[in-house]
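As structure tokens, the structure follows; a few thoughts come after it.
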Amino acid sequence: MRIGIDLGGSKIELLALGDAGEVLLRRRRATPQGDYPGTLQAVGELVEAAERELARSGHVGVGTPGAESAVDGLIKNANSTCLNGKPLRDDLQALLQREIRLANDADCFALSEAIDGAGRAAQVVFGVILGTGVGGGIVVRRQLLQGVNRIAGEWGHNPLPLLDEEDLPPARCYCGRLGCVETWLSGPGLSGDHLRHNGETLAPEAICGRADAGDQACEQTLVRYERRLARALAVVVNILDPEAIVLGGGLSNIERWYDTVPRLWSAHIFSDRIDTRLLRNVHGDSSGVRGAAWLWNDQRGTR
């Protein structure tokens with residue numbers, strides 16, 4: 001049995017998978033806000049209750065915001081700030097008395113979609129989160145690639161390439177850099193671009209709805225977004241050359257991207273033929289917790 005834990009900002013979710021990837025059990029509870037010991041306790045209680053209910057133990061994988069430092073193993077860059085500077089893996093291993101595998105939540109999304117999701121037939125998959133933030137993960141032959149610095153797939157905090165006049169001046173990202181992909185392609189980035197060009201604050205859902213109804217200002221906001229998304233993904237294709245790019249997060253639900261972006265990215269990809277597919281995720285909000293469980297995909301029960 002594989003147990004996945006998704007440490008979200010508002011909820012902690014547990015998912016138990018059987019040998020063939022079937023869902024055995026799913027549980028969730030509210031995240032103890034700003035409470036690191038309480039977060040550890042909540043994870044321990046979820047795992048203990050699941051194993052008691054299913055009458056067997058399991059390997060545990062954890063998806064977390066941020067990443068482990070390659071220097072000291074402490075969590076860094078997590079928007080759940082109580083995790084930052086904490087030895088999360090060590091503390092969970094001591095609590096649960098077993099080895100824990102841990103990865104960034106975008107990595108877990110990519111792994112889930114590469115193993116039994118939209119990218120399951122691909123050898124190389126780049127998974128993208130387009131939501132409140134922007135992240136990425138790389139899976140090669142069903143194995144997560146984390147890299148020597150544990151930042152493989154870090155896409156959102158690179159500068160948006162090939163800036164045009166409509167992209168100036170670039171915004172400052174919370175990370176301190178100017179013009180990060182995240183500042184343009186996150187949900188707040190889409191809303192911020194509409195505000196800058198039209199003086200109106202709208203949520204992404206409202207922008208899409210108005211564009212569908214014929215609002216030309218909202219339509220142009222989406223056109224600018226898809227041009228930027230195409231340029232940013234073209235760089236990934238030029239470097240990684242994946243068979244599939246799978247989109248997740250709230251903005252992945254906008255159907256037009258899957259038609260417009262591949263048509264636009266061809267101008268920026270250094271090849272006479274482009275076979276990379278842009279795909280919508282299969283598992284939706286469950287991809288992160290499924291990927292956490294699949295961190296054990298090279299152990300017993302691997303299909």
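Just remember, in the structure tokens the first chain shown is A, the second B, etc., residues are 1-based per chain, and ligands are 1-based in the order shown.
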
Just want the 8 Å neighbourhood of Ala292 in chain A, counted on only C-alpha atoms, with same-chain residues fewer than 6 positions away dropped. Output as an MDAnalysis selection string. chainID A and resid 3:6 60:63 102:103 105 108 112

With N, CA and C atoms retained, could you export that selection as a PDB file, in the first residue's frame?
```
ATOM      1  N   ILE A   3       0.767   5.374   0.649  1.00  0.00           N
ATOM      2  CA  ILE A   3      -0.018   6.435   1.277  1.00  0.00           C
ATOM      3  C   ILE A   3       0.562   7.772   0.841  1.00  0.00           C
ATOM      4  N   GLY A   4      -0.285   8.615   0.274  1.00  0.00           N
ATOM      5  CA  GLY A   4       0.127   9.956  -0.089  1.00  0.00           C
ATOM      6  C   GLY A   4      -0.455  10.974   0.871  1.00  0.00           C
ATOM      7  N   ILE A   5       0.350  11.985   1.208  1.00  0.00           N
ATOM      8  CA  ILE A   5      -0.092  13.088   2.051  1.00  0.00           C
ATOM      9  C   ILE A   5       0.149  14.383   1.283  1.00  0.00           C
ATOM     10  N   ASP A   6      -0.893  15.187   1.158  1.00  0.00           N
ATOM     11  CA  ASP A   6      -0.771  16.495   0.515  1.00  0.00           C
ATOM     12  C   ASP A   6      -0.917  17.564   1.596  1.00  0.00           C
ATOM     13  N   VAL A  60       4.903   5.830   2.882  1.00  0.00           N
ATOM     14  CA  VAL A  60       4.319   7.170   2.963  1.00  0.00           C
ATOM     15  C   VAL A  60       5.141   8.157   2.146  1.00  0.00           C
ATOM     16  N   GLY A  61       4.468   8.871   1.255  1.00  0.00           N
ATOM     17  CA  GLY A  61       5.071   9.967   0.506  1.00  0.00           C
ATOM     18  C   GLY A  61       4.340  11.258   0.836  1.00  0.00           C
ATOM     19  N   VAL A  62       5.052  12.358   0.870  1.00  0.00           N
ATOM     20  CA  VAL A  62       4.480  13.638   1.278  1.00  0.00           C
ATOM     21  C   VAL A  62       4.760  14.695   0.214  1.00  0.00           C
ATOM     22  N   GLY A  63       3.713  15.376  -0.206  1.00  0.00           N
ATOM     23  CA  GLY A  63       3.850  16.528  -1.082  1.00  0.00           C
ATOM     24  C   GLY A  63       3.736  17.790  -0.255  1.00  0.00           C
ATOM     25  N   LEU A 102       9.638  12.654   0.208  1.00  0.00           N
ATOM     26  CA  LEU A 102       9.049  13.988   0.232  1.00  0.00           C
ATOM     27  C   LEU A 102       9.422  14.733  -1.042  1.00  0.00           C
ATOM     28  N   ALA A 103       8.463  15.473  -1.594  1.00  0.00           N
ATOM     29  CA  ALA A 103       8.721  16.242  -2.809  1.00  0.00           C
ATOM     30  C   ALA A 103       7.820  17.464  -2.843  1.00  0.00           C
ATOM     31  N   ASP A 105       5.028  20.019  -4.189  1.00  0.00           N
ATOM     32  CA  ASP A 105       3.692  19.671  -4.658  1.00  0.00           C
ATOM     33  C   ASP A 105       3.564  19.703  -6.186  1.00  0.00           C
ATOM     34  N   CYS A 108       4.891  16.452  -7.369  1.00  0.00           N
ATOM     35  CA  CYS A 108       3.915  15.385  -7.140  1.00  0.00           C
ATOM     36  C   CYS A 108       2.830  15.404  -8.208  1.00  0.00           C
ATOM     37  N   SER A 112       2.128  12.217 -10.729  1.00  0.00           N
ATOM     38  CA  SER A 112       0.807  11.606 -10.832  1.00  0.00           C
ATOM     39  C   SER A 112       0.336  11.536 -12.277  1.00  0.00           C
TER      40      SER A 112
END
```

Do a neighbour search on Asn281 in chain A at 6 Å with only C-alpha atoms, toss out local chain neighbours closer than 6 positions, and write the hits as a PDB file with N, CA and C atoms, in the first residue's frame.
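Contents of out.pdb, as written:
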```
ATOM      1  N   ALA A 118      -2.698  12.072 -17.632  1.00  0.00           N
ATOM      2  CA  ALA A 118      -2.703  12.507 -19.031  1.00  0.00           C
ATOM      3  C   ALA A 118      -1.416  12.153 -19.769  1.00  0.00           C
ATOM      4  N   VAL A 246       1.719  18.740 -19.327  1.00  0.00           N
ATOM      5  CA  VAL A 246       0.396  18.599 -18.715  1.00  0.00           C
ATOM      6  C   VAL A 246       0.135  19.799 -17.819  1.00  0.00           C
ATOM      7  N   LEU A 247      -0.993  20.454 -18.027  1.00  0.00           N
ATOM      8  CA  LEU A 247      -1.356  21.624 -17.241  1.00  0.00           C
ATOM      9  C   LEU A 247      -2.258  21.239 -16.076  1.00  0.00           C
ATOM     10  N   GLY A 248      -1.999  21.845 -14.921  1.00  0.00           N
ATOM     11  CA  GLY A 248      -2.836  21.698 -13.745  1.00  0.00           C
ATOM     12  C   GLY A 248      -3.084  23.055 -13.109  1.00  0.00           C
TER      13      GLY A 248
END
```

Using DSSP on the backbone coordinates, identify all residues within range 10-236 of chain A classified as alpha helix (DSSP H); present the result as a compact mmCIF listing (two decimals) with C-alpha atoms, in the first residue's frame.
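Once written, part.txt looks like this:
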```txt
# COMPACT_ATOMS: atom_id res chain seq x y z
CA TYR A 36 4.15 23.15 12.92
CA PRO A 37 3.80 20.64 15.82
CA GLY A 38 0.06 20.53 15.14
CA THR A 39 0.73 19.80 11.47
CA LEU A 40 3.00 16.88 12.37
CA GLN A 41 0.39 15.55 14.77
CA ALA A 42 -2.36 15.82 12.15
CA VAL A 43 -0.29 13.82 9.63
CA GLY A 44 0.48 11.18 12.24
CA GLU A 45 -3.17 10.82 13.19
CA LEU A 46 -4.28 10.54 9.57
CA VAL A 47 -1.75 7.81 8.79
CA GLU A 48 -2.49 5.90 12.00
CA ALA A 49 -6.26 6.01 11.37
CA ALA A 50 -5.88 4.92 7.73
CA GLU A 51 -3.66 1.96 8.56
CA ARG A 52 -5.98 0.90 11.36
CA GLU A 53 -9.04 1.10 9.09
CA LEU A 54 -7.35 -0.81 6.25
CA LEU A 88 10.03 18.08 8.03
CA ARG A 89 11.25 14.78 6.62
CA ASP A 90 13.28 13.93 9.73
CA ASP A 91 10.44 14.84 12.06
CA LEU A 92 7.90 12.77 10.12
CA GLN A 93 10.27 9.80 9.99
CA ALA A 94 10.71 9.96 13.74
CA LEU A 95 6.97 10.28 14.28
CA LEU A 96 5.90 7.51 11.88
CA ASP A 105 3.69 19.67 -4.66
CA ALA A 106 4.28 20.58 -8.32
CA ASP A 107 6.64 17.58 -8.61
CA CYS A 108 3.91 15.39 -7.14
CA PHE A 109 1.42 16.70 -9.68
CA ALA A 110 3.81 15.90 -12.53
CA LEU A 111 4.49 12.40 -11.20
CA SER A 112 0.81 11.61 -10.83
CA GLU A 113 -0.02 12.67 -14.38
CA ALA A 114 3.03 10.87 -15.79
CA ILE A 115 2.26 7.53 -14.13
CA ASP A 116 -1.49 7.12 -14.63
CA VAL A 181 6.88 33.78 -15.28
CA GLU A 182 4.71 33.52 -12.16
CA THR A 183 3.96 37.25 -12.18
CA TRP A 184 2.38 36.86 -15.63
CA LEU A 185 0.91 33.36 -15.73
CA GLY A 187 -4.23 33.62 -11.57
CA PRO A 188 -3.31 36.90 -9.83
CA GLY A 189 -0.99 37.65 -12.76
CA LEU A 190 -3.86 37.29 -15.24
CA SER A 191 -6.09 39.55 -13.13
CA GLY A 192 -3.26 42.05 -12.66
CA ASP A 193 -2.63 42.26 -16.40
CA HIS A 194 -6.31 43.00 -17.02
CA LEU A 195 -6.25 45.70 -14.35
CA ARG A 196 -3.14 47.30 -15.84
CA HIS A 197 -4.59 47.47 -19.35
CA ASN A 198 -8.24 48.20 -18.51
CA PRO A 204 -9.86 34.98 -14.01
CA GLU A 205 -13.24 33.24 -14.16
CA ALA A 206 -14.99 36.57 -14.82
CA ILE A 207 -12.46 37.51 -17.50
CA CYS A 208 -13.07 34.21 -19.30
CA GLY A 209 -16.83 34.51 -18.98
CA ARG A 210 -16.89 38.03 -20.37
CA ALA A 211 -14.54 37.08 -23.21
CA ASP A 212 -16.89 34.25 -24.17
CA GLN A 216 -13.15 42.56 -26.40
CA ALA A 217 -11.11 43.92 -23.48
CA CYS A 218 -11.32 40.56 -21.72
CA GLU A 219 -10.61 38.75 -24.98
CA GLN A 220 -7.42 40.73 -25.45
CA THR A 221 -6.37 39.91 -21.88
CA LEU A 222 -6.64 36.20 -22.72
CA VAL A 223 -4.79 36.72 -26.02
CA ARG A 224 -1.89 38.36 -24.16
CA TYR A 225 -1.88 35.52 -21.63
CA GLU A 226 -1.74 32.75 -24.21
CA ARG A 227 1.04 34.50 -26.11
CA ARG A 228 3.07 34.63 -22.90
CA LEU A 229 2.25 31.03 -22.01
CA ALA A 230 3.35 29.90 -25.48
CA ARG A 231 6.69 31.74 -25.20
CA ALA A 232 7.37 30.44 -21.70
CA LEU A 233 6.58 26.83 -22.66
CA ALA A 234 8.60 27.09 -25.88
CA VAL A 235 11.73 27.54 -23.77
CA VAL A 236 10.88 24.30 -21.92
```

Within range 102-256 of chain A, find each residue whose DSSP state, derived from the backbone, is strand (DSSP E or B), and express the selection as a ChimeraX atom specification. /A:102-104,124-130,134-140,143-145,159,172,178,180,244-248

Please compute the CA of Ile269 in chain A-CA of Asn238 in chain A distance, one decimal, in Å. 5.9 Å

For range 145-150 of chain A, list every protein, DNA or RNA residue within 6 Å, evaluated using only C-alpha atoms, and leave out those in the same chain fewer than 4 positions away; present the list as a PyMOL selection string. chain A and resi 70+138-139

Nearest residue to Gly127 in chain A from the set A:Ala30, A:Val282, A:Met1, A:Ile245 (distances using only C-alpha atoms): A:Ile245

One decimal, in Å: what's the spacing between CA of Val124 in chain A and CA of Ile75 in chain A?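 One can read the CA of Val124 in chain A to CA of Ile75 in chain A distance as 27.2 Å.
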